[in-house]
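A.B. asks: You'll find run.cif just under this line, and it carries mmCIF, C-alpha atoms.
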data_target
#
loop_
_atom_site.label_atom_id
_atom_site.label_comp_id
_atom_site.auth_asym_id
_atom_site.auth_seq_id
_atom_site.Cartn_x
_atom_site.Cartn_y
_atom_site.Cartn_z
CA MET A 1 -55.09 -1.04 27.48
CA ARG A 2 -53.12 1.58 29.44
CA LEU A 3 -49.85 -0.19 28.57
CA THR A 4 -50.77 -0.13 24.89
CA ILE A 5 -51.51 3.60 25.08
CA ARG A 6 -48.22 4.27 26.84
CA LEU A 7 -46.26 2.28 24.25
CA ALA A 8 -48.03 4.17 21.47
CA ILE A 9 -47.13 7.51 23.08
CA LEU A 10 -43.49 6.49 23.54
CA SER A 11 -43.33 5.29 19.95
CA GLY A 12 -44.77 8.58 18.73
CA VAL A 13 -42.32 10.59 20.81
CA GLY A 14 -39.43 8.53 19.45
CA SER A 15 -40.59 9.08 15.88
CA LEU A 16 -40.86 12.82 16.46
CA ALA A 17 -37.38 12.85 17.95
CA CYS A 18 -36.00 11.19 14.83
CA LEU A 19 -37.81 13.66 12.63
CA ALA A 20 -36.47 16.52 14.74
CA GLN A 21 -32.86 15.51 14.08
CA THR A 22 -30.82 17.20 11.38
CA TRP A 23 -28.83 15.45 8.69
CA GLU A 24 -25.71 16.37 6.74
CA ILE A 25 -24.49 15.29 3.32
CA GLY A 26 -21.35 16.37 1.56
CA GLY A 27 -18.30 15.58 -0.52
CA ALA A 28 -14.58 16.16 -0.09
CA GLY A 29 -11.24 15.74 -1.83
CA GLY A 30 -7.61 15.84 -0.79
CA GLY A 31 -4.49 13.74 -0.54
CA THR A 32 -3.22 10.50 0.97
CA ILE A 33 0.21 9.87 2.49
CA LEU A 34 1.00 6.42 3.90
CA THR A 35 3.82 5.25 6.11
CA GLY A 36 6.06 2.39 4.99
CA LEU A 37 7.49 -0.65 6.77
CA ASN A 38 10.93 -2.25 6.71
CA ALA A 39 11.38 -5.37 4.60
CA ASN A 40 14.25 -7.22 6.31
CA GLY A 41 15.92 -10.21 4.69
CA PRO A 42 19.19 -11.85 3.65
CA ALA A 43 19.76 -9.19 0.95
CA GLY A 44 19.50 -6.34 3.45
CA THR A 45 16.67 -3.91 4.11
CA ALA A 46 14.15 -2.16 1.86
CA THR A 47 11.14 0.04 2.56
CA ALA A 48 7.76 -1.35 1.52
CA GLY A 49 4.92 1.15 1.27
CA PHE A 50 3.01 3.50 -0.95
CA GLN A 51 3.49 6.64 -3.00
CA PRO A 52 1.53 9.78 -2.04
CA GLY A 53 -1.76 10.06 -3.94
CA ILE A 54 -5.19 11.62 -4.07
CA ALA A 55 -8.37 11.02 -2.07
CA ALA A 56 -12.04 11.78 -2.76
CA GLY A 57 -15.33 10.71 -1.25
CA PHE A 58 -18.61 11.60 0.38
CA VAL A 59 -20.11 11.70 3.87
CA PHE A 60 -23.60 11.26 5.31
CA GLY A 61 -24.13 12.34 8.90
CA GLN A 62 -26.78 12.63 11.59
CA ASN A 63 -26.81 15.07 14.50
CA LEU A 64 -27.44 12.75 17.45
CA TYR A 65 -27.06 15.20 20.35
CA PRO A 66 -26.20 18.92 20.69
CA ARG A 67 -22.45 18.24 20.45
CA LEU A 68 -22.34 14.69 19.05
CA THR A 69 -22.84 13.57 15.46
CA GLY A 70 -22.47 10.21 13.73
CA GLU A 71 -21.13 10.00 10.18
CA LEU A 72 -20.90 7.29 7.55
CA ARG A 73 -18.06 8.03 5.14
CA TYR A 74 -16.74 6.51 1.92
CA THR A 75 -13.34 7.55 0.55
CA TYR A 76 -11.46 6.38 -2.55
CA LEU A 77 -7.69 6.54 -2.14
CA GLN A 78 -5.34 6.35 -5.11
CA ASP A 79 -1.85 5.48 -3.86
CA ASP A 80 0.53 3.27 -5.83
CA LEU A 81 2.58 0.52 -4.19
CA LYS A 82 6.29 1.20 -3.73
CA LEU A 83 9.52 -0.60 -2.83
CA SER A 84 12.74 1.35 -2.32
CA SER A 85 16.29 0.47 -1.31
CA GLY A 86 19.70 2.03 -1.95
CA GLY A 87 18.45 4.55 -4.49
CA THR A 88 16.45 1.96 -6.46
CA GLN A 89 12.67 2.15 -6.56
CA ALA A 90 9.88 -0.04 -7.93
CA THR A 91 6.23 1.02 -8.18
CA PHE A 92 2.92 -0.61 -9.06
CA GLY A 93 -0.54 0.89 -9.63
CA ALA A 94 -2.90 0.56 -6.68
CA GLY A 95 -5.89 2.10 -4.92
CA ALA A 96 -8.12 1.53 -1.91
CA HIS A 97 -11.74 1.95 -0.81
CA ALA A 98 -12.34 3.01 2.81
CA VAL A 99 -15.79 2.77 4.44
CA HIS A 100 -16.19 3.73 8.08
CA TYR A 101 -18.51 5.17 10.73
CA ASP A 102 -17.23 7.93 13.01
CA LEU A 103 -18.50 9.72 16.07
CA LEU A 104 -17.71 13.45 16.06
CA TRP A 105 -17.54 15.62 19.17
CA HIS A 106 -18.06 19.34 18.43
CA PHE A 107 -16.43 21.95 20.66
CA GLY A 108 -18.45 24.86 19.31
CA THR A 109 -22.22 25.33 19.22
CA ARG A 110 -24.21 24.39 16.14
CA GLU A 111 -25.10 28.06 15.70
CA GLY A 112 -21.44 29.14 15.66
CA LYS A 113 -19.72 30.12 12.43
CA VAL A 114 -16.61 28.08 13.29
CA GLN A 115 -17.17 24.59 14.73
CA PRO A 116 -14.03 22.54 15.59
CA PHE A 117 -14.44 18.80 16.14
CA VAL A 118 -12.59 15.56 16.84
CA ALA A 119 -13.54 12.20 15.34
CA VAL A 120 -13.01 8.53 16.12
CA GLY A 121 -14.47 5.42 14.54
CA GLY A 122 -13.79 2.32 12.52
CA GLY A 123 -14.61 0.37 9.41
CA MET A 124 -12.97 -1.54 6.58
CA LYS A 125 -10.43 -0.76 3.87
CA LEU A 126 -10.18 -2.68 0.60
CA PHE A 127 -6.72 -2.53 -1.00
CA GLU A 128 -6.45 -3.20 -4.75
CA GLY A 129 -3.41 -3.80 -6.92
CA THR A 130 -4.21 -2.37 -10.36
CA GLY A 131 -0.85 -2.20 -12.13
CA ALA A 132 0.38 -4.36 -14.99
CA GLN A 133 2.55 -7.23 -13.82
CA GLU A 134 5.89 -7.67 -15.59
CA ALA A 135 8.32 -10.57 -15.93
CA TYR A 136 11.02 -8.63 -14.08
CA GLN A 137 10.51 -6.28 -11.15
CA PRO A 138 13.34 -4.35 -9.47
CA LEU A 139 13.96 -5.25 -5.81
CA SER A 140 12.17 -8.59 -6.18
CA GLN A 141 14.71 -10.03 -3.73
CA PHE A 142 12.69 -8.17 -1.06
CA ALA A 143 9.07 -8.40 -2.28
CA TYR A 144 6.91 -8.46 -5.37
CA PHE A 145 3.65 -6.76 -6.30
CA THR A 146 0.43 -8.60 -7.14
CA HIS A 147 -2.77 -7.79 -8.98
CA ALA A 148 -4.87 -8.73 -5.92
CA GLN A 149 -7.45 -7.43 -3.46
CA GLN A 150 -7.18 -7.47 0.33
CA LEU A 151 -9.81 -6.40 2.87
CA GLU A 152 -8.56 -5.21 6.25
CA PRO A 153 -10.15 -3.74 9.41
CA MET A 154 -9.53 -0.02 9.83
CA ILE A 155 -9.36 2.44 12.74
CA SER A 156 -10.22 6.05 11.94
CA VAL A 157 -9.11 9.01 14.10
CA GLY A 158 -8.85 12.70 13.31
CA GLY A 159 -10.46 16.07 13.56
CA GLY A 160 -11.14 19.30 11.76
CA VAL A 161 -13.32 22.36 11.59
CA ARG A 162 -16.69 23.12 10.02
CA ILE A 163 -17.10 26.73 8.83
CA ALA A 164 -20.56 28.12 8.03
CA LEU A 165 -20.73 29.73 4.58
CA LYS A 166 -24.52 30.04 4.68
CA PRO A 167 -27.09 28.93 7.30
CA ASN A 168 -27.10 25.34 5.94
CA VAL A 169 -23.89 25.22 3.87
CA PHE A 170 -20.49 24.47 5.42
CA LEU A 171 -16.87 24.39 4.37
CA ARG A 172 -15.17 21.40 6.03
CA VAL A 173 -11.41 21.22 6.52
CA GLU A 174 -10.39 17.98 8.21
CA PHE A 175 -7.73 15.34 8.69
CA ARG A 176 -7.98 11.58 9.11
CA ASP A 177 -5.50 8.90 10.10
CA TYR A 178 -6.62 5.51 8.77
CA LEU A 179 -4.77 2.66 10.51
CA THR A 180 -4.76 -0.83 8.98
CA PRO A 181 -2.59 -3.95 9.01
CA PHE A 182 -0.04 -4.03 6.19
CA PRO A 183 -1.55 -5.47 2.96
CA GLY A 184 0.80 -8.41 2.59
CA GLN A 185 -1.19 -9.94 -0.26
CA LEU A 186 -0.43 -6.93 -2.51
CA ILE A 187 3.22 -6.50 -1.50
CA VAL A 188 4.25 -10.11 -0.99
CA ALA A 189 7.48 -10.68 0.93
CA ALA A 190 10.14 -12.75 -0.83
CA PRO A 191 11.32 -15.97 0.86
CA GLY A 192 13.27 -15.16 4.02
CA VAL A 193 12.01 -11.54 4.10
CA HIS A 194 9.88 -10.26 6.98
CA ILE A 195 7.31 -7.44 6.58
CA SER A 196 4.66 -6.88 9.24
CA GLY A 197 2.97 -4.13 11.21
CA TRP A 198 0.32 -1.46 10.88
CA VAL A 199 0.20 1.28 8.27
CA HIS A 200 -0.88 4.89 8.88
CA ASP A 201 -2.74 6.58 6.03
CA PHE A 202 -2.74 10.36 6.62
CA VAL A 203 -5.62 11.93 4.68
CA PRO A 204 -6.17 15.72 4.63
CA LEU A 205 -9.57 16.66 3.14
CA VAL A 206 -11.42 19.82 2.10
CA GLY A 207 -15.11 19.69 1.19
CA ILE A 208 -18.57 21.19 1.20
CA SER A 209 -21.57 19.86 3.13
CA TYR A 210 -25.24 20.69 3.35
CA LEU A 211 -27.39 20.49 6.50
CA PHE A 212 -31.07 19.63 6.21
CA GLY A 213 -34.01 18.55 8.36
CA LYS A 214 -35.21 19.97 11.67
#
Is it possible to express this structure as structure tokens?

C.D. replies:
Amino acid sequence: MRLTIRLAILSGVGSLACLAQTWEIGGAGGGTILTGLNANGPAGTATAGFQPGIAAGFVFGQNLYPRLTGELRYTYLQDDLKLSSGGTQATFGAGAHAVHYDLLWHFGTREGKVQPFVAVGGGMKLFEGTGAQEAYQPLSQFAYFTHAQQLEPMISVGGGVRIALKPNVFLRVEFRDYLTPFPGQLIVAAPGVHISGWVHDFVPLVGISYLFGK
């Protein structure tokens, strides 16, 4: 009987603790700049990568401890595929969906107007080739583009600052580096050509978020 009472008390305390936590929801937009990789083969060397594009998404977070929050984030990234060599360039429509969970460590107090933070986490990124395939593509001796999808694991690191505009409304200025293996099913290496490695996706974001719950 006493054990049951104790478990009930602990359960109630845990529920109250969850209710006492604050939550954050917001949206953001910005840009996306990806690094390229060398495509080495008998015909020489080309650069396989992506054109700069735009990014937009939303975030849902939970304040876990006084300086630690956890955030689930979705970001759509529009960045076309690109091959370049010797002044010649080929492009192909593409985009990506990134879903990840980050832990954020805040250096300032939650009551402060300016709250810097760093973030680290992980998730998945779905690459999509969306362009129209043609019979002839420049630089096909190095690689060719496909109308395919490829899901890859993703590491997320970054940081930023949260600036209080009102008691529960914040301006967020932040930066993320999304690291993934190269999507070799969208930019397919030609026979005898080698392309491999990890790609950095640098994503600066500006957004607004709202804090609720106590």

A.B. asks: Might you spell out which residues the PyMOL selection byres ((chain A and resi 153-165) around 7) would select in the displayed file, as a list in words?

C.D. replies: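 Going through the file, the PyMOL selection byres ((chain A and resi 153-165) around 7) ends up selecting Lys113, Val114, Gln115, Pro116, Phe117, Val118, Ala119, Val120, Gly121, Gly122, Gly123, Met124, Lys125, Glu152, Lys166, Pro167, Val169, Phe170, Leu171, Arg172, Val173, Glu174, Phe175, Arg176, Asp177, Tyr178, Leu179 and Thr180 of chain A.
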
A.B. asks: What would the selection look like, as a list in words, if the PyMOL selection byres ((chain A and resi 129) around 9) were run on the coordinates I just shared?

C.D. replies: Asp80, Leu81, Phe92, Gly93, Ala94, Gly95, Ala96, Phe127, Glu128, Thr130, Gly131, Ala132, Phe145, Thr146, His147, Ala148, Gln149, Gln150, Leu186 and Ile187 of chain A

A.B. asks: Quick one: residues within 7 Å of (0.7, 3.7, 0.4) (file frame), counting only C-alpha atoms, please, as a list in words.

C.D. replies: Ile33, Leu34, Thr35, Gly49, Phe50, Gln51, Pro52, Asp79, Asp80 and Leu81 of chain A

A.B. asks: Work out how far CA of Pro204 (chain A) is from CA of Gly87 (chain A), in Å to one decimal.

C.D. replies: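 Between CA of Gly87 (chain A) and CA of Pro204 (chain A) the gap is 28.5 Å.
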
A.B. asks: Check which residues of region 104-197 of chain A sit at most 10 Å from region 55-67 of chain A using all atoms listed in the file, and return one row each with the closest pair of atoms and their distance in Å to one decimal, ordered by chain and rising number, as a Markdown table.

C.D. replies:
| residue | atom | partner | partner_atom | distance |
| --- | --- | --- | --- | --- |
| A:Leu104 | CA | A:Arg67 | CA | 8.0 |
| A:Trp105 | CA | A:Arg67 | CA | 5.7 |
| A:His106 | CA | A:Arg67 | CA | 5.0 |
| A:Phe107 | CA | A:Arg67 | CA | 7.1 |
| A:Gly108 | CA | A:Arg67 | CA | 7.8 |
| A:Thr109 | CA | A:Arg67 | CA | 7.2 |
| A:Arg110 | CA | A:Pro66 | CA | 7.4 |
| A:Phe117 | CA | A:Arg67 | CA | 9.1 |

A.B. asks: Record the distance separating CA of Pro42 (chain A) and CA of Gln89 (chain A), expressed in Å with one decimal.

C.D. replies: 18.5 Å

A.B. asks: Counting only C-alpha atoms, which of A:Glu111, A:Asn168, A:Thr22, A:Leu37 gets nearest to Ile208 (chain A)?

C.D. replies: A:Asn168

A.B. asks: Hey, what comes out of the PyMOL selection byres ((chain A and resi 137-139) around 8) on this file? Could you write it as a tab-separated table (two decimals) with C-alpha atoms, in the frame of the given file?

C.D. replies:
chain	number	residue	atom	x	y	z
A	83	LEU	CA	9.52	-0.60	-2.83
A	84	SER	CA	12.74	1.35	-2.32
A	85	SER	CA	16.29	0.47	-1.31
A	88	THR	CA	16.45	1.96	-6.46
A	89	GLN	CA	12.67	2.15	-6.56
A	90	ALA	CA	9.88	-0.04	-7.93
A	134	GLU	CA	5.89	-7.67	-15.59
A	135	ALA	CA	8.32	-10.57	-15.93
A	136	TYR	CA	11.02	-8.63	-14.08
A	140	SER	CA	12.17	-8.59	-6.18
A	141	GLN	CA	14.71	-10.03	-3.73
A	142	PHE	CA	12.69	-8.17	-1.06
A	143	ALA	CA	9.07	-8.40	-2.28
A	144	TYR	CA	6.91	-8.46	-5.37

A.B. asks: Rank nothing, just name the residue among A:Leu151, A:Leu126, A:Leu103, A:Ala46 nearest to Ile195 (chain A), using only C-alpha atoms.

C.D. replies: A:Ala46

A.B. asks: What does the structure give for the distance between CA of Thr69 (chain A) and CA of Ala98 (chain A), in Å to one decimal?

C.D. replies: 19.5 Å

A.B. asks: Using all atoms listed in the file, pick whichever of A:Phe212, A:Tyr76, A:Tyr101, A:Phe202 has the shortest atom-to-atom distance to Thr32 (chain A).

C.D. replies: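 Using all atoms listed in the file, the shortest distance to Thr32 (chain A) belongs to A:Phe202.
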